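*Asks:* final20.txt is reproduced in full below (compact mmCIF, C-alpha atoms and all ligand atoms).
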```txt
# COMPACT_ATOMS: atom_id res chain seq x y z
CA MET A 114 -128.62 -197.58 -114.52
CA LYS A 115 -127.76 -197.81 -110.83
CA ASN A 116 -128.40 -194.07 -110.54
CA ASN A 117 -131.73 -194.40 -112.36
CA ILE A 118 -132.81 -196.98 -109.78
CA LEU A 119 -131.64 -194.72 -106.96
CA ASN A 120 -133.58 -191.80 -108.41
CA ILE A 121 -136.79 -193.84 -108.61
CA LEU A 122 -136.29 -195.04 -105.02
CA ILE A 123 -135.79 -191.44 -103.90
CA GLU A 124 -139.13 -190.52 -105.49
CA HIS A 125 -140.86 -193.38 -103.64
CA THR A 126 -139.50 -193.09 -100.11
CA ASP A 127 -143.05 -193.09 -98.69
CA ASP A 128 -143.89 -196.37 -100.30
CA TYR A 129 -142.44 -199.63 -101.57
CA ILE A 130 -141.84 -200.13 -105.26
CA THR A 131 -141.85 -203.61 -106.68
CA GLY A 132 -138.95 -205.11 -108.58
CA GLU A 133 -141.38 -205.67 -111.42
CA SER A 134 -142.32 -201.96 -111.72
CA LEU A 135 -138.67 -200.94 -111.56
CA ALA A 136 -137.81 -203.46 -114.26
CA LYS A 137 -140.67 -202.28 -116.45
CA GLU A 138 -139.93 -198.58 -116.01
CA LEU A 139 -136.27 -199.06 -116.89
CA GLY A 140 -136.69 -201.74 -119.52
CA ILE A 141 -134.44 -204.24 -117.76
CA SER A 142 -134.96 -207.67 -116.18
CA ARG A 143 -135.93 -208.17 -112.52
CA GLN A 144 -132.67 -210.01 -112.14
CA SER A 145 -130.78 -206.86 -113.19
CA VAL A 146 -132.85 -204.74 -110.79
CA TRP A 147 -131.83 -207.08 -107.97
CA LYS A 148 -128.18 -206.85 -109.07
CA TYR A 149 -128.21 -203.03 -109.01
CA ILE A 150 -130.05 -202.91 -105.67
CA THR A 151 -127.38 -205.22 -104.21
CA ALA A 152 -124.67 -202.90 -105.57
CA LEU A 153 -126.39 -199.85 -104.04
CA LYS A 154 -126.64 -201.61 -100.66
CA LYS A 155 -122.93 -202.40 -100.85
CA GLU A 156 -122.26 -198.69 -101.42
CA GLY A 157 -123.99 -197.95 -98.12
CA TYR A 158 -127.57 -197.11 -99.14
CA LYS A 159 -130.05 -198.60 -96.70
CA ILE A 160 -132.66 -200.33 -98.87
CA GLU A 161 -135.38 -202.43 -97.32
CA SER A 162 -136.60 -205.42 -99.38
CA GLU A 163 -139.99 -206.79 -98.38
CA HIS A 164 -141.39 -209.92 -99.93
CA ARG A 165 -144.26 -208.99 -102.29
CA LEU A 166 -144.06 -205.26 -101.46
CA GLY A 167 -140.72 -204.58 -103.09
CA TYR A 168 -137.98 -202.09 -102.25
CA ARG A 169 -137.87 -198.92 -100.18
CA LEU A 170 -135.02 -196.52 -99.50
CA LEU A 171 -134.70 -195.89 -95.76
CA LEU A 172 -134.15 -192.36 -94.55
CA ASN A 173 -133.50 -191.82 -90.87
CA GLY A 174 -133.34 -188.04 -90.72
CA GLU A 175 -129.57 -188.07 -90.44
CA ILE A 176 -126.87 -187.26 -92.89
CA ASP A 177 -125.95 -190.31 -94.92
CA LYS A 178 -125.64 -191.40 -98.55
CA ALA A 179 -129.37 -191.67 -99.12
CA SER A 180 -130.40 -188.37 -97.55
CA ILE A 181 -127.65 -186.43 -99.31
CA ALA A 182 -128.50 -187.99 -102.69
CA MET A 183 -132.13 -187.17 -102.02
CA ILE A 184 -131.83 -183.52 -101.01
CA ALA A 185 -129.53 -182.79 -103.94
CA ARG A 186 -132.04 -184.38 -106.26
CA LEU A 187 -134.88 -182.36 -104.81
CA SER A 188 -133.05 -179.17 -105.75
CA ASN A 189 -133.20 -177.74 -109.24
CA TYR A 190 -129.57 -176.69 -109.38
CA LEU A 191 -127.56 -179.71 -108.19
CA GLN A 192 -126.88 -182.66 -110.43
CA THR A 193 -126.16 -184.98 -107.54
CA GLY A 194 -125.09 -185.24 -103.91
CA ILE A 195 -122.13 -187.21 -102.54
CA PHE A 196 -121.66 -188.17 -98.91
CA LEU A 197 -118.20 -189.11 -97.64
CA ASP A 198 -117.34 -190.58 -94.25
CA SER A 199 -114.02 -188.85 -94.17
CA ILE A 200 -112.08 -186.65 -96.59
CA ASP A 201 -109.25 -184.14 -96.43
CA SER A 202 -111.40 -181.22 -97.65
CA THR A 203 -114.80 -181.16 -99.37
CA ASN A 204 -113.67 -178.07 -101.32
CA ARG A 205 -110.68 -179.90 -102.73
CA TYR A 206 -112.78 -183.00 -103.48
CA ALA A 207 -115.54 -180.97 -105.19
CA LYS A 208 -112.97 -179.20 -107.37
CA LEU A 209 -111.51 -182.55 -108.45
CA GLN A 210 -114.96 -183.78 -109.49
CA SER A 211 -115.52 -180.81 -111.79
CA LYS A 212 -114.46 -182.85 -114.83
CA ASP A 213 -117.29 -185.33 -114.23
CA TYR A 214 -120.13 -183.16 -112.91
CA GLU A 215 -121.83 -179.95 -113.93
CA SER A 216 -122.85 -179.21 -110.37
CA LEU A 217 -122.51 -181.10 -107.14
CA LEU A 218 -123.10 -181.18 -103.39
CA VAL A 219 -120.32 -182.82 -101.38
CA VAL A 220 -120.90 -183.46 -97.68
CA ALA A 221 -118.41 -185.09 -95.33
CA ASP A 222 -118.92 -186.44 -91.83
CA GLU A 223 -115.35 -185.45 -91.06
CA GLN A 224 -112.58 -183.46 -92.73
CA ILE A 225 -109.03 -184.22 -91.78
CA ALA A 226 -107.55 -181.18 -93.53
CA GLY A 227 -110.48 -178.76 -93.68
CA ARG A 228 -109.43 -175.49 -95.25
CA GLY A 229 -110.19 -172.03 -93.94
CA ARG A 230 -109.47 -168.64 -95.43
CA LEU A 231 -105.93 -167.27 -95.54
CA GLY A 232 -104.43 -170.75 -95.41
CA ARG A 233 -105.90 -171.53 -92.00
CA VAL A 234 -107.06 -174.97 -90.88
CA TRP A 235 -110.78 -175.53 -90.32
CA GLN A 236 -111.44 -177.97 -87.49
CA SER A 237 -114.06 -180.48 -88.70
CA PRO A 238 -114.58 -183.20 -86.08
CA LYS A 239 -116.52 -186.33 -87.07
CA GLY A 240 -120.29 -186.20 -86.83
CA GLU A 241 -120.36 -182.87 -85.02
CA GLY A 242 -120.75 -180.29 -87.72
CA LEU A 243 -121.87 -179.64 -91.23
CA TRP A 244 -118.92 -179.67 -93.61
CA PHE A 245 -119.96 -179.30 -97.23
CA SER A 246 -119.21 -177.76 -100.61
CA LEU A 247 -121.27 -176.80 -103.63
CA LEU A 248 -119.70 -177.06 -107.07
CA LEU A 249 -121.45 -174.59 -109.38
CA ARG A 250 -120.97 -173.24 -112.89
CA PRO A 251 -122.71 -169.89 -112.85
CA ASP A 252 -122.74 -167.86 -116.02
CA LEU A 253 -121.09 -164.87 -114.34
CA PRO A 254 -117.97 -162.74 -114.59
CA SER A 255 -115.47 -163.71 -111.89
CA TYR A 256 -115.85 -160.44 -109.97
CA ALA A 257 -119.55 -161.27 -109.52
CA ALA A 258 -118.89 -164.90 -108.55
CA ALA A 259 -117.01 -163.63 -105.50
CA MET A 260 -120.34 -162.24 -104.24
CA LEU A 261 -121.67 -165.81 -103.94
CA THR A 262 -120.07 -165.93 -100.49
CA GLN A 263 -122.56 -163.38 -99.25
CA VAL A 264 -125.50 -165.05 -101.02
CA ALA A 265 -124.56 -168.27 -99.21
CA ALA A 266 -124.09 -166.45 -95.90
CA LEU A 267 -127.61 -165.02 -96.05
CA ALA A 268 -129.07 -168.41 -97.02
CA MET A 269 -127.33 -169.98 -94.00
CA HIS A 270 -128.41 -167.16 -91.69
CA ARG A 271 -132.02 -167.84 -92.77
CA ALA A 272 -131.68 -171.63 -92.49
CA ILE A 273 -130.33 -171.37 -88.93
CA MET A 274 -133.17 -169.01 -88.03
CA GLU A 275 -135.81 -171.33 -89.51
CA VAL A 276 -134.50 -174.47 -87.83
CA THR A 277 -133.36 -173.16 -84.43
CA ALA A 278 -134.92 -169.66 -84.11
CA ILE A 279 -131.41 -168.38 -83.33
CA ALA A 280 -130.80 -164.92 -84.82
CA THR A 281 -127.23 -165.02 -86.08
CA GLU A 282 -125.28 -162.12 -87.57
CA ILE A 283 -123.10 -162.08 -90.67
CA LYS A 284 -119.58 -160.83 -90.11
CA TRP A 285 -118.73 -159.43 -93.51
CA PRO A 286 -117.95 -161.07 -95.80
CA ASN A 287 -117.85 -164.75 -94.94
CA ASP A 288 -118.51 -165.57 -91.29
CA ILE A 289 -121.69 -166.13 -89.32
CA VAL A 290 -121.47 -165.29 -85.64
CA ILE A 291 -123.54 -165.42 -82.49
CA ALA A 292 -122.54 -162.83 -79.88
CA ASP A 293 -119.24 -162.37 -81.76
CA LYS A 294 -118.40 -166.10 -81.63
CA LYS A 295 -118.05 -167.89 -84.94
CA ILE A 296 -120.64 -170.49 -85.83
CA CYS A 297 -120.01 -170.76 -89.58
CA GLY A 298 -117.27 -169.95 -92.07
CA ILE A 299 -117.45 -169.84 -95.87
CA LEU A 300 -114.60 -170.38 -98.31
CA THR A 301 -115.40 -169.64 -101.97
CA GLU A 302 -112.82 -170.79 -104.48
CA MET A 303 -112.93 -170.07 -108.20
CA THR A 304 -111.33 -171.76 -111.18
CA THR A 305 -110.91 -169.46 -114.16
CA GLU A 306 -109.67 -170.25 -117.62
CA ILE A 307 -108.01 -167.38 -119.43
CA SER A 308 -110.43 -164.82 -118.07
CA ALA A 309 -113.66 -166.83 -118.12
CA LEU A 310 -115.06 -168.43 -115.03
CA GLU A 311 -114.84 -172.21 -115.24
CA ASN A 312 -116.45 -173.17 -111.92
CA VAL A 313 -116.94 -172.04 -108.35
CA VAL A 314 -116.76 -174.09 -105.18
CA VAL A 315 -118.60 -172.62 -102.21
CA GLY A 316 -117.41 -174.43 -99.07
CA ILE A 317 -119.34 -174.04 -95.84
CA GLY A 318 -118.52 -175.22 -92.34
CA VAL A 319 -121.13 -174.96 -89.57
CA ASN A 320 -120.43 -175.78 -85.94
CA VAL A 321 -123.59 -177.70 -85.12
CA ASN A 322 -123.24 -180.15 -82.24
CA GLN A 323 -119.79 -179.62 -80.71
CA THR A 324 -119.98 -179.52 -76.94
CA ASP A 325 -116.39 -178.40 -76.52
CA PHE A 326 -113.72 -176.57 -78.51
CA PRO A 327 -109.93 -176.79 -78.40
CA GLU A 328 -108.27 -174.20 -76.13
CA ASP A 329 -107.29 -171.87 -79.00
CA LEU A 330 -110.89 -171.68 -80.30
CA LYS A 331 -112.85 -171.56 -77.03
CA ASP A 332 -113.13 -167.78 -76.93
CA ILE A 333 -113.84 -167.23 -80.60
CA ALA A 334 -116.07 -170.15 -81.66
CA THR A 335 -119.33 -171.71 -80.55
CA SER A 336 -121.85 -174.27 -81.83
CA LEU A 337 -125.61 -174.21 -82.37
CA SER A 338 -126.13 -176.86 -79.71
CA LEU A 339 -124.08 -174.91 -77.14
CA VAL A 340 -126.26 -171.88 -77.78
CA LEU A 341 -129.53 -173.83 -77.85
CA GLY A 342 -128.78 -176.34 -75.09
CA LYS A 343 -129.81 -179.30 -77.21
CA GLU A 344 -128.72 -181.22 -80.31
CA VAL A 345 -129.60 -179.79 -83.70
CA SER A 346 -130.28 -181.84 -86.85
CA ARG A 347 -127.52 -181.31 -89.37
CA LEU A 348 -129.80 -182.55 -92.13
CA ALA A 349 -132.48 -179.99 -91.25
CA ILE A 350 -129.95 -177.15 -91.43
CA LEU A 351 -128.54 -178.44 -94.71
CA SER A 352 -131.85 -178.97 -96.47
CA ASN A 353 -133.12 -175.62 -95.29
CA PHE A 354 -129.94 -173.98 -96.51
CA LEU A 355 -130.23 -175.62 -99.94
CA ALA A 356 -133.82 -174.43 -100.34
CA ASN A 357 -132.98 -170.87 -99.25
CA PHE A 358 -129.89 -170.81 -101.43
CA GLU A 359 -131.86 -172.00 -104.46
CA SER A 360 -134.13 -168.98 -104.57
CA LEU A 361 -131.39 -166.47 -103.72
CA TYR A 362 -129.04 -168.04 -106.30
CA LYS A 363 -131.68 -167.83 -109.02
CA ASN A 364 -132.22 -164.12 -108.33
CA PHE A 365 -128.51 -163.51 -108.12
CA LEU A 366 -127.88 -165.10 -111.53
CA GLU A 367 -130.46 -162.77 -113.04
CA GLN A 368 -129.26 -159.59 -111.31
CA GLN A 369 -125.51 -160.35 -111.16
CA ASN A 370 -125.23 -158.15 -108.09
CA LEU A 371 -126.49 -158.12 -104.50
CA GLY A 372 -128.99 -155.27 -104.91
CA PHE A 373 -131.92 -157.58 -104.17
CA ILE A 374 -130.56 -158.59 -100.75
CA VAL A 375 -128.41 -155.63 -99.86
CA SER A 376 -130.84 -154.33 -97.27
CA ALA A 377 -131.04 -157.78 -95.58
CA LEU A 378 -127.24 -158.05 -95.62
CA ASN A 379 -126.92 -154.67 -93.88
CA THR A 380 -129.63 -155.51 -91.34
CA VAL A 381 -128.07 -158.78 -90.20
CA SER A 382 -124.47 -157.52 -90.34
CA SER A 383 -122.42 -157.62 -87.12
CA VAL A 384 -120.05 -155.09 -88.67
CA VAL A 385 -122.11 -152.28 -90.20
CA GLY A 386 -122.38 -149.28 -87.88
CA ASN A 387 -119.44 -150.38 -85.73
CA ASP A 388 -115.90 -149.19 -85.21
CA ILE A 389 -113.59 -151.70 -86.81
CA TRP A 390 -109.95 -152.51 -87.42
CA ILE A 391 -108.93 -153.11 -91.01
CA ILE A 392 -106.10 -155.62 -90.88
CA GLU A 393 -103.61 -155.14 -93.71
CA LYS A 394 -100.40 -157.12 -93.64
CA ASP A 395 -99.00 -156.22 -90.21
CA GLU A 396 -100.93 -153.02 -89.93
CA LYS A 397 -104.19 -152.31 -88.11
CA ILE A 398 -106.15 -149.33 -89.37
CA ALA A 399 -108.95 -147.81 -87.30
CA ALA A 400 -112.16 -147.29 -89.31
CA LYS A 401 -115.91 -147.12 -89.05
CA ALA A 402 -118.01 -149.58 -91.08
CA LEU A 403 -120.74 -147.63 -92.89
CA GLU A 404 -122.53 -150.06 -95.19
CA ILE A 405 -122.34 -153.00 -97.57
CA ASN A 406 -123.09 -151.96 -101.17
CA GLN A 407 -124.71 -153.91 -104.00
CA ASN A 408 -121.33 -155.25 -105.14
CA GLY A 409 -120.76 -156.76 -101.73
CA GLU A 410 -118.09 -154.23 -100.82
CA LEU A 411 -117.88 -152.82 -97.32
CA ILE A 412 -117.75 -149.04 -97.29
CA ALA A 413 -115.64 -147.86 -94.37
CA LEU A 414 -114.67 -144.43 -93.12
CA VAL A 415 -110.91 -144.08 -92.65
CA ASP A 416 -109.60 -140.69 -91.48
CA GLY A 417 -112.74 -138.98 -92.73
CA GLU A 418 -112.52 -140.59 -96.16
CA GLU A 419 -114.68 -143.36 -97.57
CA ARG A 420 -112.88 -146.50 -98.62
CA LYS A 421 -114.25 -149.60 -100.36
CA LEU A 422 -113.11 -152.92 -98.97
CA TYR A 423 -113.38 -155.90 -101.33
CA TYR A 424 -112.27 -158.70 -99.07
CA GLY A 425 -109.63 -159.20 -96.45
CA GLU A 426 -109.75 -159.11 -92.74
CA ILE A 427 -111.51 -156.86 -90.38
CA SER A 428 -112.25 -157.09 -86.68
CA ILE A 429 -114.72 -155.21 -84.58
CA ARG A 430 -113.19 -152.56 -82.26
CA LYS A 431 -116.25 -151.84 -80.20
CA ARG A 432 -119.99 -152.32 -80.33
C1 LIG B 1 -113.15 -169.67 -92.88
O1 LIG B 1 -113.89 -169.20 -92.02
O2 LIG B 1 -111.94 -169.46 -92.85
C2 LIG B 1 -113.76 -170.53 -93.95
C3 LIG B 1 -113.99 -171.93 -93.45
C4 LIG B 1 -114.61 -172.83 -94.49
C5 LIG B 1 -114.72 -174.26 -94.02
C6 LIG B 1 -115.49 -175.13 -94.97
S1 LIG B 1 -115.85 -176.71 -94.27
C7 LIG B 1 -116.35 -177.33 -95.81
C8 LIG B 1 -115.44 -176.73 -96.87
N1 LIG B 1 -114.27 -177.56 -97.08
C9 LIG B 1 -113.14 -176.97 -96.66
O3 LIG B 1 -112.01 -177.48 -96.71
N2 LIG B 1 -113.43 -175.74 -96.19
C10 LIG B 1 -114.83 -175.43 -96.31
```
Can I see the file as structure tokens?

*Replies:*
Amino acid sequence: MKNNILNILIEHTDDYITGESLAKELGISRQSVWKYITALKKEGYKIESEHRLGYRLLLNGEIDKASIAMIARLSNYLQTGIFLDSIDSTNRYAKLQSKDYESLLVVADEQIAGRGRLGRVWQSPKGEGLWFSLLLRPDLPSYAAAMLTQVAALAMHRAIMEVTAIATEIKWPNDIVIADKKICGILTEMTTEISALENVVVGIGVNVNQTDFPEDLKDIATSLSLVLGKEVSRLAILSNFLANFESLYKNFLEQQNLGFIVSALNTVSSVVGNDIWIIEKDEKIAAKALEINQNGELIALVDGEERKLYYGEISIRKR
């Protein structure tokens, strides 16, 4: 019932809604409406109560419980949105919720054990970046679900462009960079049962408003605000991403491959056309990146022979 009230408030953020209309719509007493509103306020939702006018959910353009619940609800593919002040990792949290939710958006203001690829730590300082995960249950074979990383990367590339006019590049397969410095990383984790895909968690970290980075990251990472010279709204990036992702995801579920965006992925790639190192265990192999194909593989030329790379690490040798 509490969630029903929240949903109605989300639909009426431009206007007040009276306790009486809420009670009528939900078939409960005004007393119960008041009880649920009080519970929602306790949970951190900012709800204004005006005598005679009724209730109104306050949105202040920042990331908080109300805005996250609202943008998830506005999408057609997320059951709900959860905002957390602090968590170890939104990916881990989203995975744990999979028994209770079909799909989910989890956003944290801070992660204290943010996870990167290859067991690395992802620095996620409080209030400075966008740290979030999507829990999804696509009807896809697991090999295709791995391509979701690149669907998400393109959606984020477009969102950053629309909000800041910054033209980022995608460093195949899961990073977004500006002038070779990392602005965003994506970690897609799958849960499979026997051989069927149970769920996928797409975790995305965007450096939005950091003004400084620790010594070990200074040369390899940057933030949108450092590039732009002013603060950027995390909520604007997130809601833009969710809208872009929605249409790409829908297409992807129909096609089950990246054919419909393969030309965009090649155009915005920081890797395609460049000399690269393929990093395998302790070995570095010189190669030339030729193109990304519709399965999301990177075709590289190694000693005159074409090789398909599925994942793993590469670095750019020269531009
Ligand atoms: C990488 O570049 O290595 C991937 C980084 C992914 C970081 C994001 S932040 C939100 C989500 N939760 C995590 O613990 N990791 C991902």

*Asks:* Provide the CA of Leu172 (chain A) to CA of Glu241 (chain A) distance in Å, to one decimal place.

*Replies:*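 Interatomic distance, CA of Leu172 (chain A) to CA of Glu241 (chain A): 19.3 Å.
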
*Asks:* Do a neighbour search on region 116-122 of chain A at 12 Å with all atoms listed in the file, toss out local chain neighbours closer than 3 positions, and write the hits as a PyMOL selection string.

*Replies:* chain A and resi 125-132+134-141+143+145-154+156+158-162+167-172+178-187+192-194

*Asks:* Would you list the residues that come within 6 Å of ligand LIG 1 (chain B)? Count all atoms listed in the file and give the answer as a PyMOL selection string.

*Replies:* chain A and resi 202-204+227-230+235+244-246+288+298-300+316-318

*Asks:* Residues within 8 Å of Gly409 (chain A), please, as a list in words. Count only C-alpha atoms; anything in the same chain fewer than 6 positions from it doesn't count.

*Replies:*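 Answer for this query is Met260, Gln263, Pro286, Asn370, Leu371, Val375 and Tyr423 of chain A.
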
*Asks:* Might you pull out every residue within 9 Å of Thr335 (chain A), with only C-alpha atoms counted and same-chain residues fewer than 5 positions away left off, and present them as a list in words?

*Replies:*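 Everything that qualifies: Val290, Ile291, Lys294, Lys295, Ile296, Asn320, Val321, Gln323, Thr324, Asp325, Phe326, Leu330 and Val340 of chain A.
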
*Asks:* May I ask which of the residues A:Ile307, A:Glu124, A:Leu422, A:Ile273 is the closest one to Ser336 (chain A), counting only C-alpha atoms?

*Replies:*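 Comparing A:Ile307, A:Glu124, A:Leu422, A:Ile273 against Ser336 (chain A), the winner is A:Ile273.
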
*Asks:* Which is closer to Leu267 (chain A) than all the others in A:Ile412, A:Leu355, A:Leu249, A:Ala334, using only C-alpha atoms?

*Replies:* A:Leu355

*Asks:* How many Å lie between CA of Ala292 (chain A) and CA of Val381 (chain A), rounded to one decimal?

*Replies:* 12.4 Å

*Asks:* Pick out the closest residue to Leu378 (chain A) from this set: A:Ser428, A:Asn406, A:Thr304, A:Gln236. Count only C-alpha atoms.

*Replies:*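 Comparing A:Ser428, A:Asn406, A:Thr304, A:Gln236 against Leu378 (chain A), the winner is A:Asn406.
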
*Asks:* Using all atoms listed in the file, which of A:Glu404, A:Glu396, A:Asp201, A:Glu282 sits nearest Asp222 (chain A)?

*Replies:* A:Asp201

*Asks:* Can you tell me how far CA of Glu223 (chain A) sits from CA of Arg250 (chain A), in Å to one decimal?

*Replies:*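 About the pair CA of Glu223 (chain A) and CA of Arg250 (chain A): they are 25.6 Å apart.
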
*Asks:* Write out as a ChimeraX atom specification the residues lying within 7 Å of Trp390 (chain A), counting all atoms listed in the file and excluding same-chain residues fewer than 4 positions away.

*Replies:* /A:397-400,427-430

*Asks:* Taking (-129.3, -174.5, -88.5) in the file's coordinates as the center, which residues reach within 7 Å of it, counting all atoms listed in the file, put as a ChimeraX atom specification?

*Replies:* /A:272-274,276-277,349-350

*Asks:* Can I get the selection written as a tab-separated table (two decimals), in the frame of the given file, with C-alpha atoms?

*Replies:*
```tsv
chain	number	residue	atom	x	y	z
A	272	ALA	CA	-131.68	-171.63	-92.49
A	273	ILE	CA	-130.33	-171.37	-88.93
A	274	MET	CA	-133.17	-169.01	-88.03
A	276	VAL	CA	-134.50	-174.47	-87.83
A	277	THR	CA	-133.36	-173.16	-84.43
A	349	ALA	CA	-132.48	-179.99	-91.25
A	350	ILE	CA	-129.95	-177.15	-91.43
```

*Asks:* Find the spatial neighbours of Lys343 (chain A), counting only C-alpha atoms, within a cut-off of 10 Å - ignore same-chain residues fewer than 4 positions away - and output them as a PyMOL selection string.

*Replies:* chain A and resi 322+324+337-339

*Asks:* With distances taken over only C-alpha atoms, which residue among A:Ile225, A:Leu253, A:Leu366, A:Leu243 lies nearest Ile176 (chain A)?

*Replies:*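 So, comparing all the options, the nearest one is A:Leu243.
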
*Asks:* Return the single residue from A:Glu410, A:Lys115, A:Gln144, A:Leu248 that is closest to Asn379 (chain A), with distances computed using only C-alpha atoms.

*Replies:*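 Going through A:Glu410, A:Lys115, A:Gln144, A:Leu248 one by one, the smallest distance to Asn379 (chain A) is for A:Glu410.
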